[in-house]
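Below: one structure, written as structure tokens.
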There are 2 protein chains.
Amino acid sequence: MDLTREQLASLETPCLVIDMQAVRANLQSMQRAVSAAGCRLRPHIKTHKMPLFARMQIEAGACGITCAKVSEAEVMADGGLRDIFIAYPMVGEHRIRRAAALARRVDRLILAVDSPESADALSKAAVRENTGFEVRLEIDTGAGRTGVPLERAADLAAQIHAMPGLRLTGIYTFKSLVYQGAPTADIELAAREEGELMAEAARRIREAGVPIEDISAGSSPTGEAVARTGLVNEVRPGTYIFKDQMLCREGVARPEEIAVRYAATVVSAQHAEYAVLDGGCKFFATDVVPDAAPHFYHGYAAVDGRPELCLSRMNEEHGILTAESGATGLHVGDVLLLTPIHVCTAVNQQNAVWLLDNGTLTRVPVKARGMTV
Amino acid sequence: MDLTREQLASLETPCLVIDMQAVRANLQSMQRAVSAAGCRLRPHIKTHKMPLFARMQIEAGACGITCAKVSEAEVMADGGLRDIFIAYPMVGEHRIRRAAALARRVDRLILAVDSPESADALSKAAVRENTGFEVRLEIDTGAGRTGVPLERAADLAAQIHAMPGLRLTGIYTFKSLVYQGAPTADIELAAREEGELMAEAARRIREAGVPIEDISAGSSPTGEAVARTGLVNEVRPGTYIFKDQMLCREGVARPEEIAVRYAATVVSAQHAEYAVLDGGCKFFATDVVPDAAPHFYHGYAAVDGRPELCLSRMNEEHGILTAESGATGLHVGDVLLLTPIHVCTAVNQQNAVWLLDNGTLTRVPVKARGMTV
């Protein structure tokens with residue numbers, strides 16, 4: 001990331017900086033690839049959590065956006081987004097109530113179900129509120145979390161199809177790089193399986209008399225490849241907008257494409273062997289543990305230009321940098337840029353981020369951060 | 001935590017619930033013990049991040065509060081707090097500028113330094129702004145992060161004492177359960193060493209001609225015991241207000257004293273072997289890794305009343321509960337309460353929390369969450 005010494009000094013560290021030029025390149029590259037495959041792109045906003053980036057995605061050609069939670073979707077609707085898929089089982093009266101209110105103020109709101117119980121509650125709410133919900137059925141294609149198994153998908157789809165107040169228009173899945181039950185580094189193979197499983201689910205559901213239209217799959221590692229299979233008509237990548245160390249390890253990003261950096265200041269350097277940064281585990285993301293399978297990252301974030309340094313240990317507000325050589329060479333006041341392992345959780349730690357555009361830095365709030373409901 | 005079925009159903013999960021009765025008991029117990037030892041209590045607000053709890057601490061008898069960052073301190077000043085110690089090296093012009101502005105609107109603001117560089121920048125800012133700063137010198141007593149080593153403390157104190165615009169009135173440390181360089185389970189031994197190291201630092205600094213007054217130490221595990229040594233005149237525990245699994249393992253809390261629970265809803269239960277909660281690593285804290293030294297916690301949080309369940313795996317918005325018996329027995333819509341491992345980071349994940357008081361639930365914002373500057 002190209003920041004002058006003056007720009008580095010102007011940042012209120014610890015903070016996250018986003019390079020808008022890299023963002024635009026990442027957006028256009030994914031949109032071009034997915035469109036070229038004749039597929040729709042419905043990006044997941046979990047990565048950026050900000051309406052301004054969602055609007056950029058729509059302007060670049062996305063058909064709508066994907067959210068995980070209704071509280072995220074509300075923030076996006078407030079920011080002008082009109083076509084939203086909440087790709088998460090719509091369970092809990094509090095969530096259904098908010099979704100019903102949200103449906104009235106956007107053009108299209110698609111909700112998700114993966115069980116008879118969740119569909120039934122949604123159907124009852126639709127009848128009670130004298131409204132209707134468009135829904136998609138989640139298919140479990142191997143990620144081992146939510147979604148109905150393939151063998152029960154057609155039965156459940158037929159059940160939902162018959163429920164009053166629900167209009168079942170599609171299916172979706174999240175599979176990422178799980179291939180036949182285990183992680184794989186072969187994107188094409190994983191994407192092929194993902195497409196084939198979804199095509200098979202769609203075939204069975206349509207045979208059961210449910211005329212679904214949307215077949216949605218794809219993550220940042222698999223999105224382009226799944227689109228190219230021609231077996232799905234929508235993909236929902238999220239991380240591709242910023243990219244991170246994880247996508248590089250998965251072979252679908254190059255380090256120079258990563259648009260986001262942590263910036264942190266050395267606040268203490270009493271010993272040659274370590275220095276202390278002004279961010280700890282309330283600033284840096286901790287969901288990926290360094291030195292653990294599958295990728296064995298070197299520290300909680302990678303220091304730009306100083307691969308021998310390691311962010312090896314953190315307290316809440318202290319980040320301890322050690323050096324392989326035994327001496328960090330760092331001084332109090334030094335400002336460092338660090339590349340996140342997983343950018344989605346890195347952004348979610350922040351109340352606000354800095355945007356770098358045309359040489360100008362602007363601080364903007366992360367409006368949907370912490371929106372977990 | 002005593003929640004009726006109706007109260008559980010009224011929560012907007014995933015969320016954190018705080019039992020105010022337990023909070024009051026925890027506050028009073030620590031205040032009583034510290035006061036009885038003739039010591040002052042200056043609680044750290046990092047745990048709750050909310051002015052309302054800081055005001056309760058002052059009302060219970062605390063002499064002031066401790067913050068880690070200037071942005072936290074600003075929130076506390078906005079909430080009416082008048083005596084604030086920012087226990088973090090005051091490095092970076094952006095932080096110093098904000099601290100100078102904050103100093104003008106509270107009764108007492110104490111800043112921290114641990115190096116000649118940080119003291120010099122602060123002194124220059126004081127002269128430039130035609131003001132003065134009260135400062136404390138951080139002593140490294142073994143935690144291996146910030147703080148000047150004991151052998152350099154007197155020299156540095158004398159240097160700071162001579163700098164224009166700075167008034168060095170005390171020393172402080174964070175040592176917690178590090179004893180002679182290694183973790184210990186013996187609180188009394190660790191606290192005795194903490195007190196003796198700080199008394200020795202104070203002795204050397206006073207001999208060097210610097211008339212310091214405040215000797216501040218103590219964390220939640222060691223706070224009461226350090227106060228009882230009579231060797232310090234202020235302690236700064238934070239976690240004691242809520243308590244958590246960690247304090248229980250350290251032997252200074254009982255499970256029934258823990259005032260905070262995660263509440264989460266089962267959104268999917270396709271298989272007997274696992275169920276999915278509506279919170280993942282954007283909701284539950286991940287700074288403490290389960291099944292790792294020193295404490296080997298069973299999962300990312302402990303399910304109340306169901307010790308055989310394990311929150312073993314998470315994605316961003318999915319929490320996977322597995323059961324030792326092989327069957328979770330959970331159903332879609334079930335609401336569970338879970339006890340945090342580390343409550344400080346659990347609270348910091350939330351935009352808002354629910355307070356349970358006299359049978360009433362109220363949702364309040366966590367005003368200083370994410371305040372990392």
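Naming scheme: A, B, ... for chains in displayed order of the structure tokens; residues 1 onward per chain; ligands 1 onward as shown.
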Exercise. When DSSP works through the backbone of this structure, what residues of range 118-267 of chain B end up as alpha helix (DSSP H), shown as a PyMOL selection string?
Worked result: chain B and resi 118-128+150-161+187-207+223-229+245-249
For this session: Determine which residues of chain A sit within 8 Å of chain B, taking into account only C-alpha atoms, and present them as a PyMOL selection string.
Result: chain A and resi 10-15+68+89-92+94-95+114-115+117-118+145-149+265+267-270+275-276+278-279+281-283+286-287+289+316-318+320+332-333+345+348-351+370-373
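Nearest residue to Arg206 in chain B, choosing from B:Met163, B:Val106, B:Val178, B:Ala158 and counting only C-alpha atoms: B:Ala158.
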For this session: Would you mind telling me which residue in A:Ala259, A:Ala225, A:Ala153, A:Ala302 lies nearest to Asp357 in chain A when using only C-alpha atoms?
Result: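 With only C-alpha atoms as the atom set, the closest residue is A:Ala259.
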For this session: For range 201-203 of chain B, work out the shell of residues within 12 Å, counting only C-alpha atoms and skipping chain neighbours fewer than 6 positions away, then give it as a PyMOL selection string.
Result: chain B and resi 136-141+147-157+169-173+194-195+209-216+231-233
For this session: Would you kindly return, as a ChimeraX atom specification, each protein, DNA or RNA residue with an atom no farther than 7 Å from any atom of Ala87 in chain A, considering only C-alpha atoms and excluding same-chain residues fewer than 4 positions away?
Result: /A:66-68,111-112
Output file for the residues above (N, CA, C and O atoms, as a short mmCIF file (atom, residue, chain, number, x, y, z; two decimals), in the first residue's frame):
data_model
loop_
_atom_site.label_atom_id
_atom_site.label_comp_id
_atom_site.auth_asym_id
_atom_site.auth_seq_id
_atom_site.Cartn_x
_atom_site.Cartn_y
_atom_site.Cartn_z
N THR A 66 -25.88 -9.98 -0.63
CA THR A 66 -26.15 -11.02 0.36
C THR A 66 -25.74 -10.51 1.73
O THR A 66 -24.68 -9.89 1.86
N CYS A 67 -26.58 -10.77 2.76
CA CYS A 67 -26.22 -10.50 4.14
C CYS A 67 -26.33 -11.80 4.92
O CYS A 67 -27.01 -12.74 4.48
N ALA A 68 -25.69 -11.87 6.10
CA ALA A 68 -25.89 -13.03 6.96
C ALA A 68 -27.04 -12.78 7.92
O ALA A 68 -27.79 -13.69 8.24
N LEU A 111 -35.51 -14.47 2.00
CA LEU A 111 -35.14 -15.05 3.29
C LEU A 111 -34.71 -16.50 3.08
O LEU A 111 -34.91 -17.07 2.00
N ALA A 112 -34.13 -17.09 4.14
CA ALA A 112 -33.60 -18.45 4.01
C ALA A 112 -34.23 -19.38 5.04
O ALA A 112 -34.52 -18.97 6.16
#
Problem set entry | Given only C-alpha atoms as the counted atoms, nearest of A:Ile241, A:Pro340, A:Val70, A:Arg363 to Tyr300 in chain A |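 Smallest distance to Tyr300 in chain A is found for A:Pro340.
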Problem set entry | Per-residue DSSP, range 160-211 of chain A, filtered to strand (DSSP E), as a PyMOL selection string | chain A and resi 166-172+178-179+182-183
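You will find CA of Cys310 in chain B at 9.9 Å from CA of Tyr297 in chain B.
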Exercise. So how far away is CA of Phe174 in chain B from CA of Ala143 in chain B, in Å?
Worked result: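 Interatomic distance, CA of Ala143 in chain B to CA of Phe174 in chain B: 6.8 Å.
When the distance limit is 9 Å and only C-alpha atoms are what count, the residues near Leu27 in chain A, minus those fewer than 2 positions from it on the same chain, are Ala22, Val23, Arg24, Ala25, Ser29, Met30, Gln31, Arg32, Met56, Gln57, Ala60, Tyr240, Ile241 and Phe242 of chain A.
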Problem set entry | All residues 6 Å or closer to Arg236 in chain A, only C-alpha atoms, same chain fewer than 2 positions away omitted, as a PyMOL selection string | chain A and resi 42-44+218-219
